[in-house]
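A.B. asks: So I've got this file, query39.pdb, and it contains PDB, C-alpha atoms:
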ATOM      1  CA  MET Z   1      51.831 197.081  39.219
ATOM      2  CA  ALA Z   2      52.342 197.265  35.482
ATOM      3  CA  GLU Z   3      53.878 200.508  34.285
ATOM      4  CA  PRO Z   4      50.799 201.673  32.319
ATOM      5  CA  CYS Z   5      48.682 201.281  35.478
ATOM      6  CA  THR Z   6      51.208 203.115  37.611
ATOM      7  CA  LEU Z   7      51.430 205.981  35.129
ATOM      8  CA  LYS Z   8      47.638 206.302  34.908
ATOM      9  CA  MET Z   9      47.286 206.271  38.710
ATOM     10  CA  ARG Z  10      49.972 208.927  39.064
ATOM     11  CA  ALA Z  11      48.137 211.060  36.488
ATOM     12  CA  GLN Z  12      44.886 210.534  38.395
ATOM     13  CA  VAL Z  13      46.425 212.187  41.462
ATOM     14  CA  GLN Z  14      46.813 215.320  39.352
ATOM     15  CA  GLU Z  15      43.226 215.029  38.044
ATOM     16  CA  GLU Z  16      41.886 214.848  41.607
ATOM     17  CA  LEU Z  17      43.980 217.827  42.702
ATOM     18  CA  ASN Z  18      42.853 219.876  39.696
ATOM     19  CA  ALA Z  19      39.245 219.030  40.589
ATOM     20  CA  ALA Z  20      39.864 219.987  44.226
ATOM     21  CA  LEU Z  21      41.343 223.315  43.199
ATOM     22  CA  THR Z  22      38.466 223.999  40.819
ATOM     23  CA  TYR Z  23      35.972 223.339  43.610
ATOM     24  CA  MET Z  24      37.983 225.588  45.936
ATOM     25  CA  ALA Z  25      37.844 228.334  43.296
ATOM     26  CA  MET Z  26      34.076 227.825  43.036
ATOM     27  CA  GLY Z  27      33.705 228.010  46.801
ATOM     28  CA  ALA Z  28      35.799 231.165  46.962
ATOM     29  CA  HIS Z  29      33.871 232.726  44.082
ATOM     30  CA  PHE Z  30      30.498 232.135  45.707
ATOM     31  CA  SER Z  31      31.852 233.356  49.064
ATOM     32  CA  ARG Z  32      32.720 236.773  47.641
ATOM     33  CA  ASP Z  33      30.652 239.580  49.127
ATOM     34  CA  THR Z  34      29.545 240.658  45.640
ATOM     35  CA  VAL Z  35      28.195 237.161  44.902
ATOM     36  CA  ASN Z  36      27.115 236.069  48.412
ATOM     37  CA  ARG Z  37      25.855 232.536  47.824
ATOM     38  CA  PRO Z  38      26.892 230.722  51.022
ATOM     39  CA  GLY Z  39      25.027 227.521  50.109
ATOM     40  CA  PHE Z  40      26.924 227.150  46.849
ATOM     41  CA  ALA Z  41      30.169 228.043  48.640
ATOM     42  CA  LYS Z  42      29.583 225.416  51.322
ATOM     43  CA  MET Z  43      28.762 222.719  48.763
ATOM     44  CA  PHE Z  44      31.812 223.499  46.629
ATOM     45  CA  PHE Z  45      34.213 223.675  49.595
ATOM     46  CA  GLU Z  46      32.913 220.259  50.721
ATOM     47  CA  SER Z  47      33.462 218.929  47.194
ATOM     48  CA  ALA Z  48      37.029 220.283  47.253
ATOM     49  CA  SER Z  49      37.704 218.312  50.432
ATOM     50  CA  GLU Z  50      36.323 215.130  48.851
ATOM     51  CA  GLU Z  51      38.538 215.493  45.785
ATOM     52  CA  ARG Z  52      41.571 216.138  47.973
ATOM     53  CA  GLU Z  53      40.730 212.972  49.909
ATOM     54  CA  HIS Z  54      40.573 211.063  46.627
ATOM     55  CA  ALA Z  55      44.097 212.234  45.776
ATOM     56  CA  ILE Z  56      45.295 211.108  49.205
ATOM     57  CA  LYS Z  57      43.622 207.692  48.746
ATOM     58  CA  ILE Z  58      45.350 207.209  45.406
ATOM     59  CA  ILE Z  59      48.717 208.241  46.857
ATOM     60  CA  SER Z  60      48.149 205.812  49.749
ATOM     61  CA  TYR Z  61      47.281 203.052  47.304
ATOM     62  CA  LEU Z  62      50.422 203.704  45.269
ATOM     63  CA  LEU Z  63      52.469 203.624  48.479
ATOM     64  CA  MET Z  64      50.839 200.346  49.526
ATOM     65  CA  ARG Z  65      51.737 198.801  46.182
ATOM     66  CA  GLY Z  66      55.325 200.076  46.403
ATOM     67  CA  GLU Z  67      54.981 202.457  43.478
ATOM     68  CA  LEU Z  68      56.110 205.661  45.191
ATOM     69  CA  THR Z  69      59.571 204.649  46.325
ATOM     70  CA  SER Z  70      61.208 207.229  44.070
ATOM     71  CA  ASP Z  71      60.383 210.120  41.761
ATOM     72  CA  ILE Z  72      57.764 211.592  44.051
ATOM     73  CA  SER Z  73      58.691 215.112  42.968
ATOM     74  CA  THR Z  74      56.793 214.673  39.684
ATOM     75  CA  LEU Z  75      53.648 213.341  41.335
ATOM     76  CA  ILE Z  76      52.115 216.752  41.996
ATOM     77  CA  ARG Z  77      52.481 219.512  39.428
ATOM     78  CA  ASN Z  78      50.967 222.957  39.938
ATOM     79  CA  PRO Z  79      47.261 222.133  39.916
ATOM     80  CA  GLU Z  80      45.069 224.809  38.373
ATOM     81  CA  PRO Z  81      41.321 225.410  38.509
ATOM     82  CA  LEU Z  82      39.398 225.169  35.245
ATOM     83  CA  HIS Z  83      37.886 228.638  35.781
ATOM     84  CA  GLU Z  84      37.972 231.312  38.437
ATOM     85  CA  ARG Z  85      34.605 232.965  37.820
ATOM     86  CA  TRP Z  86      31.054 231.818  37.131
ATOM     87  CA  ASP Z  87      28.191 234.085  36.116
ATOM     88  CA  THR Z  88      25.491 231.943  37.732
ATOM     89  CA  GLY Z  89      25.051 229.021  40.056
ATOM     90  CA  PHE Z  90      23.605 227.078  37.144
ATOM     91  CA  GLU Z  91      26.819 227.612  35.164
ATOM     92  CA  ALA Z  92      28.922 226.469  38.136
ATOM     93  CA  LEU Z  93      26.796 223.341  38.679
ATOM     94  CA  THR Z  94      27.085 222.546  34.970
ATOM     95  CA  ASP Z  95      30.871 222.899  35.182
ATOM     96  CA  ALA Z  96      30.898 220.719  38.308
ATOM     97  CA  LEU Z  97      28.903 218.000  36.541
ATOM     98  CA  ASN Z  98      31.259 218.142  33.549
ATOM     99  CA  LEU Z  99      34.248 218.005  35.894
ATOM    100  CA  GLU Z 100      32.871 214.932  37.684
ATOM    101  CA  SER Z 101      32.087 213.263  34.344
ATOM    102  CA  ASN Z 102      35.654 213.874  33.224
ATOM    103  CA  VAL Z 103      37.129 212.464  36.456
ATOM    104  CA  THR Z 104      34.852 209.416  36.161
ATOM    105  CA  SER Z 105      35.961 208.909  32.578
ATOM    106  CA  LYS Z 106      39.618 209.005  33.639
ATOM    107  CA  ILE Z 107      38.983 206.426  36.382
ATOM    108  CA  ARG Z 108      37.160 204.175  33.916
ATOM    109  CA  ASP Z 109      40.121 204.559  31.560
ATOM    110  CA  ILE Z 110      42.498 203.355  34.287
ATOM    111  CA  ILE Z 111      40.236 200.352  34.858
ATOM    112  CA  THR Z 112      40.177 199.547  31.142
ATOM    113  CA  VAL Z 113      43.965 199.764  30.802
ATOM    114  CA  CYS Z 114      44.636 197.705  33.919
ATOM    115  CA  GLU Z 115      41.906 195.137  33.296
ATOM    116  CA  ASN Z 116      42.829 194.474  29.666
ATOM    117  CA  PRO Z 117      46.614 194.437  29.545
ATOM    118  CA  SER Z 118      48.495 194.706  26.296
ATOM    119  CA  LYS Z 119      50.174 191.699  24.732
ATOM    120  CA  GLU Z 120      53.535 192.468  26.356
ATOM    121  CA  GLU Z 121      55.307 189.605  28.091
ATOM    122  CA  ASP Z 122      55.191 191.161  31.557
ATOM    123  CA  ALA Z 123      51.623 192.515  31.306
ATOM    124  CA  PHE Z 124      49.028 191.204  33.698
ATOM    125  CA  ASN Z 125      45.474 191.934  34.722
ATOM    126  CA  ASP Z 126      45.675 193.994  37.909
ATOM    127  CA  TYR Z 127      42.554 192.602  39.581
ATOM    128  CA  HIS Z 128      43.298 194.318  42.867
ATOM    129  CA  LEU Z 129      43.575 197.803  41.380
ATOM    130  CA  VAL Z 130      40.502 197.289  39.204
ATOM    131  CA  ASP Z 131      38.505 196.111  42.237
ATOM    132  CA  TYR Z 132      39.761 199.020  44.336
ATOM    133  CA  LEU Z 133      38.794 201.636  41.761
ATOM    134  CA  SER Z 134      35.489 199.971  40.882
ATOM    135  CA  GLY Z 135      34.443 199.666  44.498
ATOM    136  CA  ASP Z 136      35.846 202.730  46.197
ATOM    137  CA  PHE Z 137      35.730 205.306  43.451
ATOM    138  CA  LEU Z 138      33.225 204.575  40.718
ATOM    139  CA  GLU Z 139      30.178 204.233  42.936
ATOM    140  CA  GLU Z 140      30.963 207.529  44.643
ATOM    141  CA  GLN Z 141      31.563 209.185  41.256
ATOM    142  CA  TYR Z 142      28.261 207.974  39.828
ATOM    143  CA  LYS Z 143      26.347 209.030  42.938
ATOM    144  CA  GLY Z 144      28.028 212.437  42.805
ATOM    145  CA  GLN Z 145      27.099 212.892  39.159
ATOM    146  CA  LYS Z 146      23.502 211.905  39.886
ATOM    147  CA  ASP Z 147      23.389 214.374  42.772
ATOM    148  CA  LEU Z 148      24.722 217.219  40.618
ATOM    149  CA  ALA Z 149      22.304 216.400  37.776
ATOM    150  CA  HIS Z 150      19.449 216.400  40.304
ATOM    151  CA  LYS Z 151      20.536 219.775  41.665
ATOM    152  CA  LEU Z 152      20.845 221.181  38.151
ATOM    153  CA  SER Z 153      17.320 220.025  37.372
ATOM    154  CA  ILE Z 154      15.896 221.601  40.513
ATOM    155  CA  LEU Z 155      17.803 224.853  40.000
ATOM    156  CA  GLY Z 156      16.713 225.018  36.354
ATOM    157  CA  LYS Z 157      13.068 224.687  37.361
ATOM    158  CA  MET Z 158      13.457 227.287  40.102
ATOM    159  CA  LEU Z 159      15.096 229.697  37.640
ATOM    160  CA  ASP Z 160      12.293 229.111  35.121
ATOM    161  CA  ASN Z 161       9.611 229.758  37.722
ATOM    162  CA  TYR Z 162      11.207 232.490  39.851
ATOM    163  CA  GLY Z 163      14.107 233.981  37.873
ATOM    164  CA  ALA Z 164      16.972 235.338  39.979
ATOM    165  CA  LEU Z 165      14.959 234.744  43.134
ATOM    166  CA  GLY Z 166      15.054 231.028  42.250
ATOM    167  CA  GLU Z 167      18.841 230.913  42.573
ATOM    168  CA  PHE Z 168      18.673 232.786  45.880
ATOM    169  CA  LEU Z 169      16.105 230.298  47.245
ATOM    170  CA  PHE Z 170      18.089 227.335  45.885
ATOM    171  CA  ASP Z 171      21.196 228.667  47.633
ATOM    172  CA  LYS Z 172      19.331 228.783  50.941
ATOM    173  CA  LYS Z 173      18.171 225.194  50.447
ATOM    174  CA  LEU Z 174      21.792 224.173  49.787
ATOM    175  CA  LEU Z 175      22.985 226.031  52.868
ATOM    176  CA  TYR Z 176      20.484 224.351  55.159
ATOM    177  CA  GLY Z 177      20.647 220.911  53.529
ATOM    178  CA  GLU Z 178      17.002 220.950  52.449
ATOM    179  CA  LEU Z 179      17.391 219.551  48.927
ATOM    180  CA  PHE Z 180      17.512 215.877  49.870
TER     181      PHE Z 180
END
Give the structure from this file in structure tokens form.
C.D. replies:
Amino acid sequence: MAEPCTLKMRAQVQEELNAALTYMAMGAHFSRDTVNRPGFAKMFFESASEEREHAIKIISYLLMRGELTSDISTLIRNPEPLHERWDTGFEALTDALNLESNVTSKIRDIITVCENPSKEEDAFNDYHLVDYLSGDFLEEQYKGQKDLAHKLSILGKMLDNYGALGEFLFDKKLLYGELF
């Protein structure tokens, strides 16, 4: 792997872990007895697991390509959630959509860097990495963004029609998997 690709992939591990921790914070927030939105909590805890799996996939890929033979100690640096509190489910879903958009943007950036190498003598187009990210990651990212946008739309309409009761009903639909 070319060094720019390796560096971007190593940074992506941190992005995925930050996303996982943010989703864990969301899940914990909505699990609090003063908030009590188990559907949101369930969805966000599941999202945290997915992001953690993404980090593991990237680490596995780097290992497969021989790029984690040394300096592993700098791979993971104190991940931090973006926030620790959300006033509404709508605000949390908006943050989740923005988070997913950011992660997608970072993956697309890796693809751009590794697909269009600089003019250096040892630079090369890393077709394998580009194919791996395009196939395994981007489709899932785009589907996840579409799903969050869909949920935001539904929740927005429920809030407009039913106010606070709309979020409560939406939460129950999330909990029982009735939205799709």
A.B. asks: Using all atoms listed in the file, which protein or nucleic acid residues come within 10 Å of range 6-23 of chain Z? Drop anything in the same chain fewer than 2 positions from it, and give the result as a PyMOL selection string.
C.D. replies: chain Z and resi 1-4+25-29+41+43-59+61-62+65+67-68+72+74-84+92+95-96+99-100+102-103+106-107+109-111+113-114+129
A.B. asks: Find the distance between CA of Tyr176 in chain Z and CA of Gly39 in chain Z and write it in Å to one decimal.
C.D. replies: 7.5 Å
A.B. asks: So that I can see what lies close to Thr104 in chain Z, please list as a ChimeraX atom specification the residues with an atom at most 7 Å from it, counting all atoms listed in the file and leaving out residues fewer than 4 positions away in the same chain.
C.D. replies: /Z:100,108,138,141
A.B. asks: Residues as selected, C-alpha atoms, written as a PDB file, keeping the file's coordinate frame, can you do that?
C.D. replies:
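File produced: again.pdb:
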ATOM      1  CA  GLU Z 100      32.871 214.932  37.684  1.00  0.00           C
ATOM      2  CA  ARG Z 108      37.160 204.175  33.916  1.00  0.00           C
ATOM      3  CA  LEU Z 138      33.225 204.575  40.718  1.00  0.00           C
ATOM      4  CA  GLN Z 141      31.563 209.185  41.256  1.00  0.00           C
TER       5      GLN Z 141
END
A.B. asks: Have a look at CA of Gly177 in chain Z and CA of Asn98 in chain Z and let me know their distance in Å, one decimal.
C.D. replies: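 Rounded to one decimal, the two atoms are 22.8 Å apart.
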A.B. asks: With distances taken over all atoms listed in the file, which residue among Z:Met64, Z:Val35, Z:Val130, Z:Leu148 lies nearest Glu167 in chain Z?
C.D. replies: Z:Val35
A.B. asks: Hey, which of Z:Leu155, Z:Leu165, Z:Lys42, Z:Phe124 ends up closest to Glu91 in chain Z? Count only C-alpha atoms.
C.D. replies: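 Of Z:Leu155, Z:Leu165, Z:Lys42, Z:Phe124, the one nearest Glu91 in chain Z is Z:Leu155, counting only C-alpha atoms.
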A.B. asks: Enclose all atoms of range 34-41 of chain Z listed in the file in an axis-aligned box, grow every side by 4 Å, and hand back centre and edge lengths in Å to one decimal, as JSON.
C.D. replies:
{"center_x": 27.6, "center_y": 233.9, "center_z": 48.0, "size_x": 13.1, "size_y": 21.5, "size_z": 14.1}
A.B. asks: For CA of Asp87 in chain Z and CA of Ser31 in chain Z, determine how far apart the two atoms are, in Å to one decimal place.
C.D. replies: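 Interatomic distance here is 13.5 Å.
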